[in-house]
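Heads up, the thing below is written out as structure tokens.
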Amino acid sequence: MKKTLIIVLLFCIVLSGASATYEFGNSGVSFTWAPVDPLYKESRAYPFANNVAFRYMMAPEDTKYLPTNILVSDADANNGSGGYKQLPFRDPDTGNNTYWNLKAAVNAGLFRFSWEDYLALEMYLHGGLNTVFGAYGGVDVLGFDGFYGAGVSLDVFNIVTLRFGFHHFSGHWGDEALNDFYSRNEGNYSALTEYTRNNSWLLNISIQPVKYFRIFAELDLPQHVGWIRPAAHVPADTIKNTSEESPDAGKPLSEYIYGQEGLDGKNNNSYPSSYKAMRIGLGAELEIPVPTVGLAYLAFDMQFHQDGKINLETLEYEEDRPWDMEYTLALGLSFQEREDMPEVTLELGYHDGRFPLLNYFFQRSRYFSAGLILTL
């Protein structure tokens, strides 16, 4: 919490001050405080991009695509060896297939050093909150996600941009979902399974060979001392010895979290060293200028999750099991008076993959969306 408050304070300082640029003589070197337009522009189609968004989402009338279950640990599964199971908190009614998605996030540069159009180096902060709630008569909140990160970006010749830093993801169940869950499920389910990546190394590359076309890739790699949930996703050699929630020295993190989940005596020592709980993203964007308006764009984003190789029923790593793959397609029209001003966008999208709340990572979803986006 203390770290989060510090980051929020820094955000306020950055956003409260006007961007200012200072030249160093005739050297071509300049310094910019709080640049409005960050060096690294995130994928427009990535569901967790750091922007402000308000979307209406509609899933197909097929109940298997609706987020109606919560994942819990079950010590009695697999003949007493333990595992996870899904328990419903709501009936899979096809009338409950529409949602509102509200995200408040920012990708902000703190300061930037530039040398003409050759090189630019920037320190950045990003982060925000994401939530989804019903749009079918009631407005029950399904959950909240928190995410933040910081690092440095390097731009070369306005063509290649690299970004390196750390990243944090954390999912939380919504109060209404929990109330519905406990009202219909008897038993001791105090340790509900959550999805967390705290912390990961984040590496991005964006290549823009021509002005209106860009391709990009990203790697999210949990740190060796990161905190990961659920326990079944923890790589075998992961440790966590830097907080009050740490296991004893030398004790596997997976064994410690399994204990918290009620699955005592289990660990992930059988996982191969190649399993790192990585996330890989790939994508492309095409922009088309629209005179007197701004620009239209077509964006495509793919995400690959190595934790998809874990069988959540048996808690085993399966070599032949594929990574989880998801993709998002977005078509937008952006209105921007100047490049140094925030961009307002009307967007239509389609997503096939994980539901856009972290704790529903196990829930395959498909939905169409329409929304308003503000990129700061």
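Residues in the structure tokens are numbered from 1 in each chain, the chains being A, B, ... in the order shown, and ligands are numbered from 1 in the order shown.
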Determine, for each residue of stretch 188-262 of chain A having at least one atom at most 10 Å from an atom of stretch 42-57 of chain A, the closest pair of atoms and their separation in Å to one decimal, counting only C-alpha atoms; order by chain and ascending number, as JSON lines.
{"residue": "A:Asn204", "atom": "CA", "partner": "A:Glu42", "partner_atom": "CA", "distance": 9.1}
{"residue": "A:Ile205", "atom": "CA", "partner": "A:Glu42", "partner_atom": "CA", "distance": 9.9}
{"residue": "A:Ser206", "atom": "CA", "partner": "A:Glu42", "partner_atom": "CA", "distance": 8.7}
{"residue": "A:Arg214", "atom": "CA", "partner": "A:Ser43", "partner_atom": "CA", "distance": 9.6}
{"residue": "A:Ile215", "atom": "CA", "partner": "A:Ser43", "partner_atom": "CA", "distance": 9.2}
{"residue": "A:Phe216", "atom": "CA", "partner": "A:Ser43", "partner_atom": "CA", "distance": 7.9}
{"residue": "A:Ala217", "atom": "CA", "partner": "A:Ser43", "partner_atom": "CA", "distance": 9.3}
{"residue": "A:Glu218", "atom": "CA", "partner": "A:Glu42", "partner_atom": "CA", "distance": 9.9}
Report task. Find the spatial neighbours of A:Asp155, counting only C-alpha atoms, within a cut-off of 9 Å - ignore same-chain residues fewer than 2 positions away - and output them as a PyMOL selection string. Result -> chain A and resi 39-40+118-122+153+157-163
Those same residues - C-alpha atoms - I'd like them written as a compact mmCIF listing (two decimals), in the first residue's frame.
# COMPACT_ATOMS: atom_id res chain seq x y z
CA LEU A 39 7.97 7.75 -26.03
CA TYR A 40 6.53 4.24 -25.97
CA TYR A 118 18.37 10.68 -33.28
CA LEU A 119 17.93 9.52 -29.69
CA ALA A 120 15.54 10.08 -26.81
CA LEU A 121 15.66 8.59 -23.31
CA GLU A 122 12.70 8.83 -20.98
CA SER A 153 12.15 4.07 -22.72
CA PHE A 157 15.65 7.68 -35.07
CA ASN A 158 11.90 7.84 -34.37
CA ILE A 159 11.70 4.31 -35.77
CA VAL A 160 12.58 1.85 -33.00
CA THR A 161 11.43 2.35 -29.41
CA LEU A 162 12.50 0.10 -26.54
CA ARG A 163 10.97 0.05 -23.08
Per-residue nearest contacts of stretch 211-270 of chain A to stretch 317-324 of chain A (9 Å; only C-alpha atoms) as JSON lines:
{"residue": "A:Ala232", "atom": "CA", "partner": "A:Tyr317", "partner_atom": "CA", "distance": 8.7}
{"residue": "A:Asn268", "atom": "CA", "partner": "A:Tyr317", "partner_atom": "CA", "distance": 8.8}
{"residue": "A:Ser270", "atom": "CA", "partner": "A:Tyr317", "partner_atom": "CA", "distance": 8.0}
Each residue of stretch 29-147 of chain A lying at most 6 Å from stretch 165-174 of chain A should get a row with its shortest atom-to-atom pair and the distance in Å to one decimal, counting only C-alpha atoms; could you produce that, ordered by chain and increasing number, as CSV?
residue,atom,partner,partner_atom,distance
A:Val141,CA,A:Gly174,CA,5.2
A:Leu142,CA,A:Gly174,CA,4.8
A:Gly143,CA,A:Gly174,CA,3.8
A:Phe144,CA,A:His172,CA,5.1
A:Asp145,CA,A:Gly171,CA,4.5
A:Gly146,CA,A:Ser170,CA,5.3
A:Phe147,CA,A:Phe169,CA,4.6
**Report entry** Test item, helix (DSSP H, G or I) assignment across stretch 34-168 of chain A, answer as a VMD selection string
**Finding:** chain A and resid 63 to 65 77 to 80 94 to 96
Restricting it to N, CA and C atoms, dump the selection as an mmCIF file, in the first residue's frame.
data_model
loop_
_atom_site.group_PDB
_atom_site.id
_atom_site.type_symbol
_atom_site.label_atom_id
_atom_site.label_comp_id
_atom_site.auth_asym_id
_atom_site.auth_seq_id
_atom_site.Cartn_x
_atom_site.Cartn_y
_atom_site.Cartn_z
ATOM 1 N N THR A 63 -23.667 -19.705 -23.089
ATOM 2 C CA THR A 63 -23.341 -19.562 -21.670
ATOM 3 C C THR A 63 -21.896 -19.924 -21.339
ATOM 4 N N LYS A 64 -21.209 -20.687 -22.196
ATOM 5 C CA LYS A 64 -19.837 -21.067 -21.866
ATOM 6 C C LYS A 64 -18.885 -19.886 -21.934
ATOM 7 N N TYR A 65 -19.315 -18.752 -22.532
ATOM 8 C CA TYR A 65 -18.462 -17.573 -22.631
ATOM 9 C C TYR A 65 -18.767 -16.532 -21.557
ATOM 10 N N ALA A 77 -9.922 -32.923 -4.255
ATOM 11 C CA ALA A 77 -9.868 -33.262 -5.674
ATOM 12 C C ALA A 77 -8.764 -34.266 -5.963
ATOM 13 N N ASN A 78 -8.908 -34.984 -7.076
ATOM 14 C CA ASN A 78 -7.894 -35.950 -7.520
ATOM 15 C C ASN A 78 -7.576 -36.969 -6.427
ATOM 16 N N ASN A 79 -8.637 -37.526 -5.854
ATOM 17 C CA ASN A 79 -8.498 -38.555 -4.810
ATOM 18 C C ASN A 79 -7.687 -38.067 -3.620
ATOM 19 N N GLY A 80 -7.886 -36.803 -3.269
ATOM 20 C CA GLY A 80 -7.234 -36.258 -2.093
ATOM 21 C C GLY A 80 -5.898 -35.605 -2.346
ATOM 22 N N THR A 94 -28.319 -16.441 -20.461
ATOM 23 C CA THR A 94 -27.878 -15.710 -21.645
ATOM 24 C C THR A 94 -28.375 -14.279 -21.651
ATOM 25 N N GLY A 95 -29.326 -13.948 -20.774
ATOM 26 C CA GLY A 95 -29.733 -12.558 -20.652
ATOM 27 C C GLY A 95 -28.724 -11.719 -19.905
ATOM 28 N N ASN A 96 -27.743 -12.369 -19.261
ATOM 29 C CA ASN A 96 -26.699 -11.668 -18.505
ATOM 30 C C ASN A 96 -25.390 -11.634 -19.295
#
